[in-house]
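Novice: Got a structure for you, questions after.
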Amino acid sequence: MTDLLYSEEEEALRAAVRDLLTDHCDAPGVIARTESGTPHDLAAWKALADGMGLAGLLVPEDRGGQGATHREAAVVLEELGRAVAPVPYLTSAVVATEALLACDAEGGLLAELASGRRIGALAVALNVVAGGAYKVVRHEDGALHGELTGIADAAVAGVLLVPADDGGLYAVDADAVTVTPQASLDLTRPVATVTLDGAPGRLLGDAEPAVRRALRAGAGLLASEQLGLAEWTLTETVRYLKERKQFNRPVGGFQALKHRLAQLWLEVVNLRAAARNAADALSTGEDVDVAVAVAQAYAAPVAVHAAEEALQLHAGIGMTWEHPVHLYLKRAKADSIAYGTAGAHREALAETIDLPAP
């Protein structure tokens, strides 16, 4: 039977990542970054990727990585979710890395992503579900032409992995394209439009299996980010309600609020089980499609509910820009459509297990 509990090594990894993020990604600093022209925290990324070697967790040791599994990457993403850290970990160290692993061709580029020396981004819109239709660019005489929208973290990517109409996946240097920021609800994971006007590309392999594998891993591990986000909002709300007093007693003592928090706690515990199962399935390769679909069908509503409850139960202070809860609600709402909506994953689950529609 699969053990979904955290190992001692995973807990040690969690503690190390949390300490680092406490130093680099405090709430006032993250809010200040969202108000600047450079929302990404590249110092925190360098500490995670170069200092701790976490960008290469999914890359085998003989290819320049750490040779860990999706379970360890999930622990990192839980902590990044708790801090709404503005770093391109999910997009580069998971999605772009998985696409390269599927191509099994570009060893040098994979090692660069694993070391954190370069940031990669798969040039597929953030809302595309694994196995879903995605936009491609035109490949003509060795050059790429077209426009792609909704590309997460493209602003800081050094290399873009671009699917083309000939079925190939191409590596394109960011200097060869035009990246235009788009309005994004989630200020900590900006999206952009990428315009290719005759950009040269290096063929990596077949796009379809690479994109499918990358988006599936992204969806499965996104559930761990959503778990971290939900846990932080629940913990902070409980702490606040113990301190906030009304009618000369702690607000958290009122039974109606106890019921709401107890319900939320149950949802978060169930989300932890689903997210851990998805990470374990990705690491073992067993029943991956089912585990990922179940996790994502459940994760988005819980994360959004947790953030909404946090905003409401913090009352007036929760409505202010200075309090970080708005960052969590925006991330939860954006995550709810990232790599497919809960409804899309429920449909995929029904097809996978041959459950006919009513």
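Ligands are numbered from 1 in the order shown, chains are lettered A, B, ... in the order of the structure tokens, and residues start at 1 in each chain.
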Which parts of stretch 53-282 of chain A does DSSP call helix (DSSP H, G or I) when run on the backbone here, written out as number ranges by chain?
Specialist: A: 54-56, 61-63, 70-82, 89-103, 107-115, 154-156, 174-176, 207-243, 251-253, 255-282
Novice: Give me, as a PyMOL selection string, all polymer residues having an atom no more than 8 Å from stretch 107-124 of chain A, counting only C-alpha atoms and skipping those fewer than 2 positions away in the same chain.
Specialist: chain A and resi 46+49-50+53-57+59+63-65+88+91-93+95-97+99-101+104-105+126+128+134-135+148-154+156-163+194
Novice: I need the residue nearest A:Trp265 from this list: A:Val75, A:Val288, A:Val302, A:Ala27. Use only C-alpha atoms for the distance.
Specialist: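 The shortest atom-to-atom distance to A:Trp265 comes from A:Val302.
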Novice: Using only C-alpha atoms, find the one residue out of A:Asp165, A:Glu236, A:Glu243, A:Glu79 that sits nearest to A:Arg18.
Specialist: A:Glu79
Novice: Tell me, in Å to one decimal, how far atom CA of A:Asp197 is from atom CA of A:Ala133.
Specialist: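 Taking atom CA of A:Asp197 as the start and atom CA of A:Ala133 as the end point, the length is 22.7 Å.
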Novice: So, counting only C-alpha atoms, which residue among A:Gly81, A:Thr237, A:Val129, A:Ala16 is closest to A:Ala262?
Specialist: A:Thr237
Novice: Output as a ChimeraX atom specification all residues of stretch 73-299 of chain A that backbone DSSP marks as strand (DSSP E or B).
Specialist: /A:120-122,137-140,143-152,159-164,168-173,178-181,191-200,202-206,245-246,249-250
Novice: Output the selection as a PDB file, in the first residue's frame - C-alpha atoms for each residue.
Specialist:
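Saved as out26.pdb:
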```
ATOM      1  CA  GLY A 120      12.447  27.948 -19.091  1.00  0.00           C
ATOM      2  CA  ALA A 121       8.811  28.420 -20.033  1.00  0.00           C
ATOM      3  CA  LEU A 122       6.580  26.186 -22.113  1.00  0.00           C
ATOM      4  CA  VAL A 137       3.067  28.853 -34.360  1.00  0.00           C
ATOM      5  CA  ARG A 138       4.025  28.580 -38.042  1.00  0.00           C
ATOM      6  CA  HIS A 139       7.321  26.940 -38.911  1.00  0.00           C
ATOM      7  CA  GLU A 140       8.715  28.127 -42.220  1.00  0.00           C
ATOM      8  CA  ALA A 143      12.060  30.187 -38.552  1.00  0.00           C
ATOM      9  CA  LEU A 144       8.989  30.524 -36.341  1.00  0.00           C
ATOM     10  CA  HIS A 145       6.153  32.991 -36.847  1.00  0.00           C
ATOM     11  CA  GLY A 146       3.063  33.669 -34.741  1.00  0.00           C
ATOM     12  CA  GLU A 147       1.655  34.958 -31.491  1.00  0.00           C
ATOM     13  CA  LEU A 148       0.920  33.052 -28.282  1.00  0.00           C
ATOM     14  CA  THR A 149      -1.021  34.475 -25.341  1.00  0.00           C
ATOM     15  CA  GLY A 150      -1.347  33.661 -21.652  1.00  0.00           C
ATOM     16  CA  ILE A 151       2.213  32.365 -21.258  1.00  0.00           C
ATOM     17  CA  ALA A 152       3.059  32.274 -17.533  1.00  0.00           C
ATOM     18  CA  VAL A 159      14.368  30.097 -23.221  1.00  0.00           C
ATOM     19  CA  LEU A 160      10.898  29.318 -24.518  1.00  0.00           C
ATOM     20  CA  LEU A 161       9.759  25.849 -25.586  1.00  0.00           C
ATOM     21  CA  VAL A 162       7.489  26.559 -28.540  1.00  0.00           C
ATOM     22  CA  PRO A 163       5.184  24.039 -30.277  1.00  0.00           C
ATOM     23  CA  ALA A 164       4.950  24.560 -34.038  1.00  0.00           C
ATOM     24  CA  GLY A 168       7.834  19.802 -33.430  1.00  0.00           C
ATOM     25  CA  LEU A 169       8.794  21.459 -30.139  1.00  0.00           C
ATOM     26  CA  TYR A 170      11.426  24.153 -30.591  1.00  0.00           C
ATOM     27  CA  ALA A 171      13.761  25.890 -28.148  1.00  0.00           C
ATOM     28  CA  VAL A 172      13.737  29.634 -28.782  1.00  0.00           C
ATOM     29  CA  ASP A 173      15.982  32.103 -26.984  1.00  0.00           C
ATOM     30  CA  THR A 178       8.880  39.975 -28.147  1.00  0.00           C
ATOM     31  CA  VAL A 179       7.284  39.490 -24.729  1.00  0.00           C
ATOM     32  CA  THR A 180       4.393  41.830 -23.888  1.00  0.00           C
ATOM     33  CA  PRO A 181       2.885  41.709 -20.369  1.00  0.00           C
ATOM     34  CA  VAL A 191       1.271  36.095 -17.940  1.00  0.00           C
ATOM     35  CA  ALA A 192       2.386  37.589 -21.230  1.00  0.00           C
ATOM     36  CA  THR A 193       1.943  37.531 -24.971  1.00  0.00           C
ATOM     37  CA  VAL A 194       4.876  36.082 -26.907  1.00  0.00           C
ATOM     38  CA  THR A 195       5.303  37.269 -30.498  1.00  0.00           C
ATOM     39  CA  LEU A 196       7.612  35.362 -32.851  1.00  0.00           C
ATOM     40  CA  ASP A 197       8.572  37.150 -36.055  1.00  0.00           C
ATOM     41  CA  GLY A 198      11.025  34.888 -37.819  1.00  0.00           C
ATOM     42  CA  ALA A 199      12.639  33.673 -34.590  1.00  0.00           C
ATOM     43  CA  PRO A 200      15.148  30.827 -35.039  1.00  0.00           C
ATOM     44  CA  ARG A 202      16.245  24.434 -32.302  1.00  0.00           C
ATOM     45  CA  LEU A 203      14.148  21.306 -32.761  1.00  0.00           C
ATOM     46  CA  LEU A 204      13.881  19.343 -29.502  1.00  0.00           C
ATOM     47  CA  GLY A 205      11.424  16.594 -30.406  1.00  0.00           C
ATOM     48  CA  ASP A 206       7.728  15.899 -30.881  1.00  0.00           C
ATOM     49  CA  LYS A 245     -12.174  40.277  20.286  1.00  0.00           C
ATOM     50  CA  GLN A 246     -15.815  41.257  19.998  1.00  0.00           C
ATOM     51  CA  ARG A 249     -14.446  37.664  23.948  1.00  0.00           C
ATOM     52  CA  PRO A 250     -12.376  36.144  21.109  1.00  0.00           C
TER      53      PRO A 250
END
```
Novice: Residues within 7 Å of A:Ala214, please, as an MDAnalysis selection string. Count only C-alpha atoms; anything in the same chain fewer than 2 positions from it doesn't count.
Specialist: chainID A and resid 95:96 98:99 210:212 216:218
Novice: Could you give me, as a Markdown table, every stretch 262-324 of chain A residue with an atom at most 10 Å from stretch 328-350 of chain A, plus its closest atom pair and distance in Å to one decimal, counting only C-alpha atoms, rows ordered by chain then number?
Specialist:
```
| residue | atom | partner | partner_atom | distance |
| --- | --- | --- | --- | --- |
| A:Asp289 | CA | A:Leu349 | CA | 7.7 |
| A:Val290 | CA | A:Leu349 | CA | 6.0 |
| A:Ala291 | CA | A:Leu349 | CA | 8.9 |
| A:Val292 | CA | A:His345 | CA | 8.3 |
| A:Ala293 | CA | A:His345 | CA | 4.9 |
| A:Val294 | CA | A:Leu349 | CA | 7.0 |
| A:Ala295 | CA | A:His345 | CA | 8.8 |
| A:Gln296 | CA | A:Ala342 | CA | 5.9 |
| A:Ala297 | CA | A:Ala342 | CA | 4.1 |
| A:Tyr298 | CA | A:Ala342 | CA | 6.9 |
| A:Ala299 | CA | A:Ala342 | CA | 7.8 |
| A:Ala300 | CA | A:Ser336 | CA | 4.6 |
| A:Pro301 | CA | A:Ser336 | CA | 7.3 |
| A:Val302 | CA | A:Ala332 | CA | 9.0 |
| A:Ala303 | CA | A:Ala332 | CA | 5.6 |
| A:Val304 | CA | A:Ala332 | CA | 5.1 |
| A:His305 | CA | A:Ala332 | CA | 8.8 |
| A:Ala306 | CA | A:Leu329 | CA | 8.4 |
| A:Ala307 | CA | A:Leu329 | CA | 4.9 |
| A:Glu308 | CA | A:Leu329 | CA | 6.5 |
| A:Glu309 | CA | A:Leu329 | CA | 9.6 |
| A:Ala310 | CA | A:Leu329 | CA | 8.7 |
| A:Leu311 | CA | A:Leu329 | CA | 7.8 |
| A:Pro324 | CA | A:Tyr328 | CA | 7.0 |
```
Novice: Would you mind telling me which residue in A:Thr284, A:Thr235, A:Gln312, A:Asn277 lies nearest to A:Ala68 when using only C-alpha atoms?
Specialist: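 Using only C-alpha atoms, A:Ala68 sits closest to A:Thr284.
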Novice: What gap, in Å, lies between atom CA of A:Val268 and atom CA of A:Arg82?
Specialist: 13.1 Å
Novice: If I take atom CA of A:Ala130 and atom CA of A:Leu215, how far is one from the other in Å, to one decimal?
Specialist: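 We find that atom CA of A:Ala130 and atom CA of A:Leu215 lie 4.8 Å from each other.
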Novice: Go through A:Gly220, A:Pro86, A:Gly51, A:Pro28 and flag the residue nearest A:Ala73, using only C-alpha atoms for the distances.
Specialist: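 That would be A:Gly220, the residue with the smallest distance to A:Ala73.
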